[in-house]
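Below is one structure, written out as structure tokens; comments come after it.
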Amino acid sequence: MAGRFMLTFDCEGKWGCADSLSESDRRSLTDENLRHAYASILQLLDHHRVEATFAFSGAFSQSPSAFERLRPHLEEMSLWVPDYLGPALQDIAQTKGDGWHGDQLVEATAKSRTAHEIALHGVTHVPWTRLDRSFVQKEMELFEMLEGPVKASRTFVYPRNQIAHEAVLAKQGFIGFRAARAGRSRLASLLSEFNLSEEPEQSLPGNGIIRIPAGFFLNWRSGPRRLVPAAVTCARARRLLRRAAATGGIVHYWLHPENIATAPSTFELLGQLVQDVAAARDAGDCQILTQLGYCRSHQDPGG
């Protein structure tokens, strides 16, 4: 019996922390650092022939010129969420967009030797739980205005994993979204990194749109999370893969490429995870899927 494995990257640039942008973020999340992080990830995945899902925030996916077409709409929307879009637009002006425009990263992902999925991670990265339906509809109007591969997205990752307005996604033509675990404190989340008895996930019931198992966050080696030994993180992943192989379960890991830009040692954990997954695949113990591949197999289990 083979388990199933998915790897998803939430791709945000500075959009992911627009409402809490620190000087450390400004120093770390530069165009140069982001290019290096994404290039390292793509090279790693190519080396091991591991497909992944790259879920880009729509605004981040755009070139500077394409972004200018969105700016008037974002300025209007900033009246609804001034604490999020206001600082974003201000920093874009002050830094000439450094860390805010990821079109070259989308292009590199699309042209990678390994066929990755490009998905959507919101358009503005404002959590949808903060938004009423009219604002979400405005986001979907902006989605239709996007340029590049992100516009063809069929699966969705909610900003900050805050689930809301599922019917809007289904109406827009998305066939699946990544589910979220129950909310917990930062301390509880940190302590969960030491739980070596964690079980793989199983398929989730859906209602018109497929709920992709929420998965596990690959430890970001920053702040208190640096206290988690790398050996523990790797052992946890290996045990999950072994249990999935025995039960046919699902192991879904996710992280941000930005985690590597801000804490480069996180890449070592990703490298070991990808190596272990590739070994399990080569042994016949693991099937690697993108989020879209999972959704399609869920729609047609025998196909």
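Naming scheme: A, B, ... for chains in displayed order of the structure tokens; residues 1 onward per chain; ligands 1 onward as shown.
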
What's the 8 Å shell around range 217-226 of chain A, counting only C-alpha atoms, without same-chain residues fewer than 2 positions away, as a PDB file with C-alpha atoms, in the first residue's frame?
```pdb
ATOM      1  CA  LEU A 190       5.389  24.899  18.917  1.00  0.00           C
ATOM      2  CA  GLU A 193       6.512  19.907  16.645  1.00  0.00           C
ATOM      3  CA  GLY A 215      -1.302  19.119   6.478  1.00  0.00           C
ATOM      4  CA  VAL A 228      13.083  22.481  17.900  1.00  0.00           C
ATOM      5  CA  PRO A 229      15.997  20.167  16.991  1.00  0.00           C
ATOM      6  CA  THR A 233      11.457  17.573  12.738  1.00  0.00           C
ATOM      7  CA  TYR A 253       3.522  19.466   4.277  1.00  0.00           C
ATOM      8  CA  TRP A 254       3.480  23.204   3.641  1.00  0.00           C
ATOM      9  CA  LEU A 255       5.692  26.228   4.214  1.00  0.00           C
ATOM     10  CA  ASN A 259      10.560  31.199   5.564  1.00  0.00           C
ATOM     11  CA  ILE A 260      13.797  30.286   3.816  1.00  0.00           C
ATOM     12  CA  THR A 262      14.162  34.961   6.518  1.00  0.00           C
ATOM     13  CA  ALA A 263      15.674  31.838   8.139  1.00  0.00           C
ATOM     14  CA  SER A 265      18.548  27.017   7.862  1.00  0.00           C
ATOM     15  CA  THR A 266      14.896  26.079   7.173  1.00  0.00           C
ATOM     16  CA  LEU A 269      14.778  20.712   6.777  1.00  0.00           C
ATOM     17  CA  LEU A 270      13.101  21.016   3.395  1.00  0.00           C
TER      18      LEU A 270
END
```

Find the spatial neighbours of Gly176 in chain A, counting only C-alpha atoms, within a cut-off of 8 Å - ignore same-chain residues fewer than 3 positions away - and output them as an mmCIF file with N, CA and C atoms, in the first residue's frame.
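Writing the result to part_3.cif gives the following:
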```cif
data_model
loop_
_atom_site.group_PDB
_atom_site.id
_atom_site.type_symbol
_atom_site.label_atom_id
_atom_site.label_comp_id
_atom_site.auth_asym_id
_atom_site.auth_seq_id
_atom_site.Cartn_x
_atom_site.Cartn_y
_atom_site.Cartn_z
ATOM 1 N N ARG A 154 -6.681 26.503 -10.126
ATOM 2 C CA ARG A 154 -7.894 25.725 -9.853
ATOM 3 C C ARG A 154 -8.004 25.316 -8.389
ATOM 4 N N THR A 155 -6.917 25.439 -7.630
ATOM 5 C CA THR A 155 -6.988 25.170 -6.193
ATOM 6 C C THR A 155 -6.564 26.418 -5.439
ATOM 7 N N PHE A 156 -6.949 26.477 -4.166
ATOM 8 C CA PHE A 156 -6.844 27.706 -3.381
ATOM 9 C C PHE A 156 -6.254 27.406 -2.009
ATOM 10 N N ILE A 209 -17.089 21.492 -3.240
ATOM 11 C CA ILE A 209 -15.693 21.826 -3.480
ATOM 12 C C ILE A 209 -14.851 20.931 -2.568
ATOM 13 N N ILE A 210 -13.734 20.453 -3.071
ATOM 14 C CA ILE A 210 -12.943 19.454 -2.342
ATOM 15 C C ILE A 210 -12.100 20.128 -1.268
ATOM 16 N N ARG A 211 -12.153 19.571 -0.084
ATOM 17 C CA ARG A 211 -11.317 20.039 1.023
ATOM 18 C C ARG A 211 -10.048 19.190 1.045
ATOM 19 N N ILE A 212 -8.947 19.830 0.760
ATOM 20 C CA ILE A 212 -7.647 19.158 0.744
ATOM 21 C C ILE A 212 -7.134 19.093 2.175
ATOM 22 N N GLN A 291 -1.755 19.635 -5.208
ATOM 23 C CA GLN A 291 -3.125 19.811 -4.723
ATOM 24 C C GLN A 291 -4.131 19.521 -5.834
ATOM 25 N N LEU A 292 -3.821 19.967 -7.050
ATOM 26 C CA LEU A 292 -4.728 19.723 -8.174
ATOM 27 C C LEU A 292 -4.791 18.238 -8.498
ATOM 28 N N CYS A 295 -7.035 16.599 -6.021
ATOM 29 C CA CYS A 295 -8.450 16.876 -6.297
ATOM 30 C C CYS A 295 -8.951 16.010 -7.452
#
```

- Grab the CA of Ala39 in chain A to CA of Gln275 in chain A distance for me, in Å with one decimal place.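 Value for the CA of Ala39 in chain A-CA of Gln275 in chain A distance: 17.2 Å.
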
Determine, counting only C-alpha atoms, which protein, DNA and RNA residues have an atom within 8 Å of an atom of range 130-135 of chain A; residues of the same chain fewer than 3 positions away are not included. Present the result as a PDB file with C-alpha atoms, in the first residue's frame.
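Full text of around.pdb as output:
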```pdb
ATOM      1  CA  MET A  77     -10.176  48.406  -1.257  1.00  0.00           C
ATOM      2  CA  VAL A 126      -6.124  39.840   3.489  1.00  0.00           C
ATOM      3  CA  PRO A 127      -7.654  36.982   5.541  1.00  0.00           C
ATOM      4  CA  LYS A 138     -13.945  42.433  -5.447  1.00  0.00           C
ATOM      5  CA  GLU A 139     -10.972  40.123  -4.904  1.00  0.00           C
ATOM      6  CA  HIS A 165     -16.776  32.189   1.713  1.00  0.00           C
TER       7      HIS A 165
END
```

- Query: Which residues in range 42-238 of chain A does DSSP call strand (DSSP E or B)? List them as a PyMOL selection string.
  - Reply: chain A and resi 53-56+117-120+155-156+176-178+201+210-212+216-217

- May I ask for the distance between CA of Glu75 in chain A and CA of Glu147 in chain A, given in Å to one decimal place?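 These atoms are spaced 19.1 Å apart.
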
- What is the CA of Arg242 in chain A-CA of Val157 in chain A distance in Å, reported with one decimal? 26.5 Å

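Each of A:Leu89, A:Ala55, A:Val81, A:Leu273 was checked against Ala119 in chain A using only C-alpha atoms; the smallest atom-to-atom distance is that of A:Ala55.
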
- All alpha helix (DSSP H) positions in range 94-244 of chain A, as a ChimeraX atom specification: /A:94-95,103-110,133-145,166-172,186-192,230-244

Do you know which residues are at most 7 Å from Glu199 in chain A counting only C-alpha atoms, after dropping those on the same chain fewer than 2 positions away, and could you put them as a CSV table (one decimal) with N, CA and C atoms, in the first residue's frame?
```csv
chain,number,residue,atom,x,y,z
A,197,SER,N,4.0,11.0,17.5
A,197,SER,CA,3.0,10.0,17.3
A,197,SER,C,1.9,10.5,16.4
A,201,GLU,N,-3.1,12.1,7.6
A,201,GLU,CA,-4.5,12.5,7.5
A,201,GLU,C,-5.2,11.5,6.5
A,240,LEU,N,5.6,9.9,9.8
A,240,LEU,CA,4.4,10.1,9.1
A,240,LEU,C,4.4,9.4,7.8
```

- Task: Would you list the contacts of Glu141 in chain A as a VMD selection string, taking every protein, DNA or RNA residue within 10 Å and counting only C-alpha atoms, but skipping same-chain residues closer than 6 positions in sequence?
- Result: chain A and resid 73 123 135 172

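With only C-alpha atoms as the atoms that count, the minimum distance from His298 in chain A to the choices A:Leu146, A:Ile175, A:Cys286, A:Leu191 is reached by A:Ile175.
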
- Query: So which residues touch Gly3 in chain A within 6 Å, counting only C-alpha atoms, skipping near sequence neighbours fewer than 3 positions away, as a ChimeraX atom specification?
  - Reply: /A:244-245,248-250,286

- Nearest residue to Arg243 in chain A from the set A:Pro257, A:Pro200, A:Pro213, A:Pro64 (distances using only C-alpha atoms):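 Selected residue with least distance to Arg243 in chain A: A:Pro200.
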
- Query: Counting only C-alpha atoms, which of A:Leu187, A:Met145, A:Ala237, A:Ala182 gets nearest to Leu70 in chain A?
  - Reply: A:Met145

- Find the residue from A:Gly99, A:Gly148, A:Gly16, A:Gly208 that sits nearest to His125 in chain A; use only C-alpha atoms when measuring.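 Answer, going by the shortest atom-to-atom distance: A:Gly16.
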
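For the set A:His101, A:His121, A:Lys96, A:Arg281, the residue with the smallest atom-to-atom gap to Arg35 in chain A is A:His101, counting only C-alpha atoms.
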
- Extract, using only C-alpha atoms, all DNA, RNA and protein residues at most 9 Å from Glu12 in chain A, discarding same-chain residues fewer than 2 positions from it, and format them as a list in words.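 Neighbouring residues, sequence-local ones excluded: Asp10, Lys14, Trp15, Gly16, Cys17, Ala55, Phe56, Ser57, Gly58, Ala59, Phe60, Ser61, Trp100, Gly102, His121, His125, His256, Pro257 and Glu258 of chain A.
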